[in-house]
There are 2 protein chains.
Amino acid sequence: MTRKERPKVTLLAGGVGAARLLRGLVSLVDPDHLTVVVNTGDDEDFYGLHVSPDLDTIVYTLAGLAPRDRGWGVRGDSRRVLDALERFYGPAWFALGDRDLATHVFRTDRLRSGATLSECTREICAALDVLVRVLPATDDRLRTLLDTDEGTLAFQTYLVKRRGRPAVRAVRYDGSEASRPAPGVIEAIATADVVIIAPSNPFVSIGPILAVPGVRAALAHVRAKTVAVSPLIGGSAVKGPLAAMLASMGHGADVGAIARIYRGLASVLLVAPGDGAVSLAGEDPRLVEHDILLDTAATARRVSRFVLSLAAGRADGHAQRRA
Amino acid sequence: MTRKERPKVTLLAGGVGAARLLRGLVSLVDPDHLTVVVNTGDDEDFYGLHVSPDLDTIVYTLAGLAPRDRGWGVRGDSRRVLDALERFYGPAWFALGDRDLATHVFRTDRLRSGATLSECTREICAALDVLVRVLPATDDRLRTLLDTDEGTLAFQTYLVKRRGRPAVRAVRYDGSEASRPAPGVIEAIATADVVIIAPSNPFVSIGPILAVPGVRAALAHVRAKTVAVSPLIGGSAVKGPLAAMLASMGHGADVGAIARIYRGLASVLLVAPGDGAVSLAGEDPRLVEHDILLDTAATARRVSRFVLSLAAGRADGHAQRRA
């Protein structure tokens, strides 16, 4: 028996980490009460096709199409087209499966016809029977650029092509100043009963969302009902280059760095057991320990339930653990 | 042992019929002496991708990728992407295989980057190890439009979606007035030792090539060395809607209609045995009978050899038959 909560929930999401939490959230929240605001800073053009890695990861997860063993693409997908594309372009460094590619073909076609990314995303969700509302953070062009020891790199180039090896010195959000929140984003934050910042990389997943003018202010306004989930466990990122980025950008590799990034935006930062022993000025945000490893749907559900209870004021904070 | 002829040959080509003749021609002509000028009037946008059906049929044939049992696409191709696209667009009426789709993705990407269709085609040929020179008739937008009982239809819509059923009253080449021959087209006609008009539909395959300003004059100038191969055998088209179009457009359904279309452009029209008993004013073009059914590579080779010998003045005309 699934107990459905009635709160309206808005999740700020990158890709993999957010998708893992989402597996739990969807079992607790009615789809028409759940909005996912997704990073678009990683969007990239491959072969002339507009690829939105984080939107796709979220949508495929919600559609039940995501693989269990990796955070991108469609489960069991083939790569017939990619193999053929390699004859024209040479070896591919970014894997695009056939079913996945259809999404990019559709999105590109619709964008070229004048549709917004929001509209494309809504249409893709409808076609894939996704009932949860998925919103890109912005319909405008915003690109995460990393200043690294090897020059300025787009995020996917850094992460996939260069395997996250170059040392990142700074992160920029190209186009952010002129960007506007996509329709519904500010309202979804303002009217939610609970806002959750997913355990995604704060620089390259959540950062681009916060860089859209208006989003940070909207979050600050609802800070009391906002819970962030740490992407670090014991100083390591569960997945991705976060720990290395924190180090190369001069941050400490503990949750204190995460807490400082979300200061003023979240009232609680949920951290792994033992990670809460960091002194923070004014408890902003308050650190709450809980098992946050999202390795199965069951753990994702437990974490999600705890987050919802925290935001509803039903959890009492420090060192609470529910194995 | 293949006897390679040294003449420079230029073939004006549509899709299927031309591809069948080409299977023979390539065994007789050095690839660097063979130029195929291809119809682009059927080019169509599917899912935002630029599809060039006749160019693809020719290139896949030359690349050894064409299926034996049909005149389009890649042999043994899958349709993973198309199946996935149907979730977004609904049922597909134009089959696009996965490997085939990669060609369209590449072409679309290159066109959007500012490349010409000629440049795309050259790059596709290079990637697929095609040595024969394949030229689109024009790099400009030229579209074959059919005025039918069901309104004006693009050619693929008429042929594939409507299965060639609407009665065609007239054929137009939208954009032809402003079009220019692609680089090399006029020169390929002017400098060839033999020009062959493939057994393709004169209205929708050869017509769009002739509609490009300059092509008709270039052909007329080399009329003496130009041989057309009839697409009709015994009053029927081997493949496609030609016979129905001839009837609905008020032409007779015999090779006389074909001869009148190519009057002034070809000195010989090669027709099937028994089809030459048509009275033509001034023998323009001269009708020469020969087996022209291109059902195997061997027959394609025999027909090709005969065409080359005709143009070289080594065949003596009427009713010559080489089974």
# chains A, B, ... in the order shown; residues from 1 in each chain; ligands from 1

$ interface_residues --of "chain A" --to "chain B" --cutoff "7 Å" --atoms "only C-alpha atoms" --output "JSON, numbers by chain"
{"A": [47, 48, 80, 81, 84, 85, 87, 88, 98, 99, 101, 102, 105, 106, 109, 124, 127]}

$ residues_around --residues "segment 140-157 of chain B" --least-positions-apart "2" --cutoff "8 Å" --atoms "only C-alpha atoms" --output "tab-separated table (two decimals) with N, CA and C atoms, in the first residue's frame"
chain	number	residue	atom	x	y	z
B	40	THR	N	16.51	16.13	-57.55
B	40	THR	CA	16.29	16.53	-56.15
B	40	THR	C	14.87	17.05	-55.93
B	41	GLY	N	14.03	16.89	-56.95
B	41	GLY	CA	12.67	17.41	-56.83
B	41	GLY	C	11.82	16.69	-55.81
B	42	ASP	N	12.24	15.48	-55.43
B	42	ASP	CA	11.49	14.71	-54.42
B	42	ASP	C	11.98	14.98	-53.02
B	43	ASP	N	13.01	15.80	-52.87
B	43	ASP	CA	13.56	16.01	-51.54
B	43	ASP	C	12.44	16.49	-50.61
B	44	GLU	N	12.55	16.04	-49.39
B	44	GLU	CA	11.42	16.26	-48.47
B	44	GLU	C	11.95	16.38	-47.06
B	138	THR	N	20.71	20.37	-58.75
B	138	THR	CA	20.84	21.75	-58.28
B	138	THR	C	21.04	21.75	-56.77
B	159	LEU	N	3.22	9.74	-54.00
B	159	LEU	CA	3.66	8.38	-54.33
B	159	LEU	C	3.54	7.43	-53.14
B	160	VAL	N	3.99	7.87	-51.99
B	160	VAL	CA	4.09	6.96	-50.85
B	160	VAL	C	2.85	7.05	-49.96
B	161	LYS	N	2.55	8.27	-49.53
B	161	LYS	CA	1.41	8.41	-48.60
B	161	LYS	C	0.10	8.07	-49.30
B	162	ARG	N	-0.05	8.58	-50.54
B	162	ARG	CA	-1.30	8.35	-51.27
B	162	ARG	C	-1.16	7.21	-52.29
B	166	PRO	N	-4.04	9.34	-56.56
B	166	PRO	CA	-4.72	10.52	-57.15
B	166	PRO	C	-4.33	10.69	-58.61
B	167	ALA	N	-5.29	11.12	-59.42
B	167	ALA	CA	-5.00	11.35	-60.84
B	167	ALA	C	-4.20	12.63	-60.98
B	168	VAL	N	-3.05	12.52	-61.64
B	168	VAL	CA	-2.17	13.68	-61.82
B	168	VAL	C	-2.57	14.41	-63.10
B	169	ARG	N	-2.80	15.72	-62.98
B	169	ARG	CA	-3.16	16.52	-64.15
B	169	ARG	C	-1.99	17.32	-64.68
B	170	ALA	N	-1.12	17.71	-63.81
B	170	ALA	CA	0.03	18.50	-64.25
B	170	ALA	C	1.16	18.35	-63.24
B	171	VAL	N	2.37	18.55	-63.73
B	171	VAL	CA	3.56	18.48	-62.87
B	171	VAL	C	4.26	19.83	-62.95
B	172	ARG	N	4.60	20.35	-61.79
B	172	ARG	CA	5.32	21.62	-61.73
B	172	ARG	C	6.60	21.45	-60.94
B	173	TYR	N	7.54	22.32	-61.20
B	173	TYR	CA	8.83	22.26	-60.51
B	173	TYR	C	9.02	23.56	-59.74
B	174	ASP	N	8.51	23.58	-58.54
B	174	ASP	CA	8.50	24.79	-57.74
B	174	ASP	C	9.94	25.22	-57.43
B	175	GLY	N	10.24	26.45	-57.74
B	175	GLY	CA	11.58	26.97	-57.47
B	175	GLY	C	12.54	26.82	-58.63
B	176	SER	N	12.08	26.16	-59.69
B	176	SER	CA	13.03	25.86	-60.77
B	176	SER	C	13.56	27.13	-61.45
B	178	ALA	N	14.37	29.95	-60.37
B	178	ALA	CA	15.48	30.60	-59.66
B	178	ALA	C	16.64	29.65	-59.40
B	179	SER	N	16.48	28.41	-59.80
B	179	SER	CA	17.53	27.43	-59.47
B	179	SER	C	18.69	27.52	-60.47
B	180	ARG	N	19.83	27.11	-60.00
B	180	ARG	CA	21.02	27.05	-60.86
B	180	ARG	C	21.55	25.62	-60.85
B	182	ALA	N	23.88	22.66	-60.18
B	182	ALA	CA	24.93	22.49	-59.18
B	182	ALA	C	26.29	22.51	-59.88
B	204	VAL	N	8.72	13.20	-63.19
B	204	VAL	CA	9.06	13.45	-61.79
B	204	VAL	C	10.50	13.06	-61.44
B	208	PRO	N	12.54	17.27	-63.34
B	208	PRO	CA	13.10	18.29	-62.44
B	208	PRO	C	14.54	18.65	-62.79

$ residues_around --residues "segment 282-293 of chain B" --least-positions-apart "2" --cutoff "10 Å" --atoms "only C-alpha atoms" --output "compact mmCIF listing (two decimals) with N, CA and C atoms, in the first residue's frame"
# COMPACT_ATOMS: atom_id res chain seq x y z
N GLY B 17 14.91 3.27 -61.24
CA GLY B 17 15.28 2.84 -62.59
C GLY B 17 16.73 3.16 -62.88
N ARG B 20 19.07 0.82 -61.12
CA ARG B 20 19.17 -0.50 -61.77
C ARG B 20 20.11 -0.47 -62.96
N LEU B 21 20.04 0.59 -63.75
CA LEU B 21 20.97 0.70 -64.87
C LEU B 21 22.40 0.86 -64.36
N PRO B 199 16.28 5.19 -67.37
CA PRO B 199 14.87 4.78 -67.51
C PRO B 199 14.07 5.17 -66.28
N ARG B 223 23.15 16.56 -78.04
CA ARG B 223 22.09 15.61 -78.40
C ARG B 223 22.62 14.38 -79.14
N ALA B 224 23.61 14.59 -80.00
CA ALA B 224 24.10 13.49 -80.83
C ALA B 224 24.69 12.36 -80.01
N THR B 226 23.67 11.57 -76.92
CA THR B 226 22.78 11.30 -75.79
C THR B 226 21.78 10.19 -76.13
N VAL B 227 21.73 9.21 -75.25
CA VAL B 227 20.80 8.09 -75.39
C VAL B 227 19.87 8.08 -74.20
N ALA B 228 18.58 8.02 -74.47
CA ALA B 228 17.61 7.86 -73.39
C ALA B 228 17.15 6.41 -73.37
N VAL B 229 16.94 5.88 -72.19
CA VAL B 229 16.41 4.52 -72.06
C VAL B 229 14.97 4.64 -71.60
N SER B 230 14.10 3.98 -72.33
CA SER B 230 12.67 4.12 -72.02
C SER B 230 12.32 3.53 -70.66
N PRO B 231 11.54 4.25 -69.89
CA PRO B 231 11.02 3.69 -68.63
C PRO B 231 9.76 2.86 -68.86
N LEU B 232 9.27 2.84 -70.10
CA LEU B 232 8.07 2.04 -70.41
C LEU B 232 8.48 0.78 -71.14
N ILE B 233 7.85 -0.31 -70.79
CA ILE B 233 8.02 -1.56 -71.54
C ILE B 233 6.62 -2.08 -71.86
N VAL B 238 7.94 -0.25 -65.54
CA VAL B 238 8.45 -1.37 -64.77
C VAL B 238 8.13 -1.16 -63.29
N VAL B 255 5.73 4.48 -75.99
CA VAL B 255 7.01 5.16 -75.99
C VAL B 255 7.02 6.43 -76.84
N GLY B 256 5.98 6.59 -77.67
CA GLY B 256 5.88 7.83 -78.44
C GLY B 256 5.82 9.04 -77.51
N ILE B 258 7.13 9.23 -74.55
CA ILE B 258 8.48 9.42 -74.00
C ILE B 258 9.37 10.10 -75.05
N ALA B 259 9.25 9.61 -76.27
CA ALA B 259 10.07 10.17 -77.35
C ALA B 259 9.80 11.66 -77.52
N ARG B 260 8.53 12.06 -77.46
CA ARG B 260 8.20 13.48 -77.63
C ARG B 260 8.79 14.33 -76.50
N ILE B 261 8.80 13.75 -75.29
CA ILE B 261 9.35 14.50 -74.15
C ILE B 261 10.85 14.74 -74.34
N TYR B 262 11.53 13.76 -74.91
CA TYR B 262 12.98 13.89 -75.06
C TYR B 262 13.40 14.41 -76.43
N ARG B 263 12.43 14.82 -77.22
CA ARG B 263 12.73 15.36 -78.55
C ARG B 263 13.70 16.55 -78.43
N GLY B 264 14.70 16.50 -79.23
CA GLY B 264 15.68 17.59 -79.21
C GLY B 264 16.75 17.42 -78.14
N LEU B 265 16.55 16.43 -77.27
CA LEU B 265 17.49 16.25 -76.16
C LEU B 265 18.30 14.97 -76.27
N ALA B 266 17.76 13.99 -76.98
CA ALA B 266 18.45 12.70 -77.13
C ALA B 266 18.37 12.30 -78.59
N SER B 267 19.42 11.68 -79.10
CA SER B 267 19.36 11.23 -80.49
C SER B 267 18.75 9.85 -80.60
N VAL B 268 18.83 9.09 -79.51
CA VAL B 268 18.28 7.73 -79.52
C VAL B 268 17.42 7.53 -78.28
N LEU B 269 16.28 6.87 -78.48
CA LEU B 269 15.50 6.38 -77.35
C LEU B 269 15.51 4.87 -77.44
N LEU B 270 16.10 4.25 -76.45
CA LEU B 270 16.18 2.80 -76.43
C LEU B 270 14.87 2.26 -75.86
N VAL B 271 14.21 1.39 -76.64
CA VAL B 271 12.91 0.87 -76.21
C VAL B 271 12.93 -0.66 -76.23
N ALA B 272 11.93 -1.23 -75.61
CA ALA B 272 11.86 -2.69 -75.54
C ALA B 272 11.51 -3.28 -76.91
N PRO B 273 11.88 -4.53 -77.11
CA PRO B 273 11.54 -5.19 -78.37
C PRO B 273 10.04 -5.11 -78.64
N GLY B 274 9.69 -4.65 -79.82
CA GLY B 274 8.28 -4.53 -80.18
C GLY B 274 7.70 -3.17 -79.89
N ASP B 275 8.40 -2.37 -79.08
CA ASP B 275 7.88 -1.05 -78.71
C ASP B 275 8.25 0.04 -79.72
N GLY B 276 9.09 -0.33 -80.72
CA GLY B 276 9.61 0.71 -81.61
C GLY B 276 8.70 1.07 -82.77
N ALA B 277 7.55 0.37 -82.88
CA ALA B 277 6.66 0.60 -84.02
C ALA B 277 5.78 1.81 -83.79
N VAL B 278 6.41 2.95 -83.57
CA VAL B 278 5.68 4.19 -83.34
C VAL B 278 6.19 5.17 -84.37
N SER B 279 5.28 5.85 -85.04
CA SER B 279 5.77 6.79 -86.05
C SER B 279 6.11 8.11 -85.39
N LEU B 280 7.32 8.55 -85.63
CA LEU B 280 7.80 9.79 -85.03
C LEU B 280 8.29 10.71 -86.13
N ASP B 295 16.41 -6.43 -64.78
CA ASP B 295 16.01 -7.20 -63.60
C ASP B 295 17.18 -7.83 -62.85
N THR B 296 18.32 -7.90 -63.46
CA THR B 296 19.50 -8.44 -62.77
C THR B 296 20.70 -7.57 -63.10
N THR B 299 21.68 -8.30 -66.75
CA THR B 299 20.93 -7.60 -67.80
C THR B 299 21.28 -6.12 -67.78
N ALA B 300 21.48 -5.56 -66.58
CA ALA B 300 21.86 -4.14 -66.50
C ALA B 300 23.19 -3.91 -67.21
N ARG B 302 24.35 -5.77 -69.72
CA ARG B 302 24.14 -5.90 -71.17
C ARG B 302 23.53 -4.63 -71.74
N VAL B 303 22.53 -4.10 -71.07
CA VAL B 303 21.89 -2.86 -71.54
C VAL B 303 22.90 -1.72 -71.54
N SER B 304 23.67 -1.65 -70.47
CA SER B 304 24.66 -0.57 -70.37
C SER B 304 25.67 -0.65 -71.52
N PHE B 306 25.24 -1.98 -74.41
CA PHE B 306 24.59 -1.62 -75.66
C PHE B 306 24.44 -0.10 -75.77
N VAL B 307 24.06 0.52 -74.68
CA VAL B 307 23.91 1.99 -74.70
C VAL B 307 25.24 2.65 -75.02
N LEU B 310 26.00 2.15 -78.67
CA LEU B 310 25.14 3.01 -79.48
C LEU B 310 25.72 4.41 -79.57
N ALA B 315 26.69 0.53 -82.72
CA ALA B 315 25.48 -0.27 -82.91
C ALA B 315 24.72 0.32 -84.09
N ASP B 316 24.03 -0.53 -84.77
CA ASP B 316 23.47 -0.05 -86.02
C ASP B 316 21.96 0.15 -85.99
N GLY B 317 21.44 0.27 -84.81
CA GLY B 317 20.09 0.80 -84.77
C GLY B 317 18.97 -0.17 -84.62
N HIS B 318 17.98 0.06 -85.41
CA HIS B 318 16.67 -0.57 -85.23
C HIS B 318 16.70 -2.06 -84.96
N ALA B 319 15.88 -2.46 -84.05
CA ALA B 319 15.55 -3.86 -83.85
C ALA B 319 16.75 -4.72 -83.49
N GLN B 320 17.85 -4.07 -83.14
CA GLN B 320 18.99 -4.86 -82.71
C GLN B 320 18.70 -5.48 -81.35
N ARG B 321 18.98 -6.73 -81.22
CA ARG B 321 18.65 -7.41 -79.97
C ARG B 321 19.81 -8.28 -79.53
N ARG B 322 20.16 -8.15 -78.33
CA ARG B 322 21.15 -9.06 -77.77
C ARG B 322 20.58 -9.64 -76.50
N ALA B 323 20.10 -10.85 -76.60
CA ALA B 323 19.52 -11.46 -75.41
C ALA B 323 20.65 -11.85 -74.46

$ residues_around --residues "Ala66 of chain A" --least-positions-apart "2" --cutoff "12 Å" --atoms "only C-alpha atoms" --output "number ranges by chain"
A: 15-16, 19-20, 23, 56-64, 68-77, 97, 99-100

$ residues_around --residues "Glu177 of chain B" --least-positions-apart "3" --cutoff "8 Å" --atoms "only C-alpha atoms" --output "PDB file with N, CA and C atoms, in the first residue's frame"
ATOM      1  N   ASP B 174       8.510  23.576 -58.539  1.00  0.00           N
ATOM      2  CA  ASP B 174       8.504  24.790 -57.742  1.00  0.00           C
ATOM      3  C   ASP B 174       9.941  25.223 -57.433  1.00  0.00           C
ATOM      4  N   ALA B 211      14.374  20.943 -65.681  1.00  0.00           N
ATOM      5  CA  ALA B 211      13.771  22.235 -65.322  1.00  0.00           C
ATOM      6  C   ALA B 211      14.784  23.218 -64.760  1.00  0.00           C
ATOM      7  N   VAL B 212      15.968  22.740 -64.454  1.00  0.00           N
ATOM      8  CA  VAL B 212      17.003  23.657 -63.951  1.00  0.00           C
ATOM      9  C   VAL B 212      17.550  24.446 -65.142  1.00  0.00           C
ATOM     10  N   PRO B 213      17.421  25.753 -65.110  1.00  0.00           N
ATOM     11  CA  PRO B 213      17.843  26.558 -66.266  1.00  0.00           C
ATOM     12  C   PRO B 213      19.275  26.241 -66.686  1.00  0.00           C
TER      13      PRO B 213
END
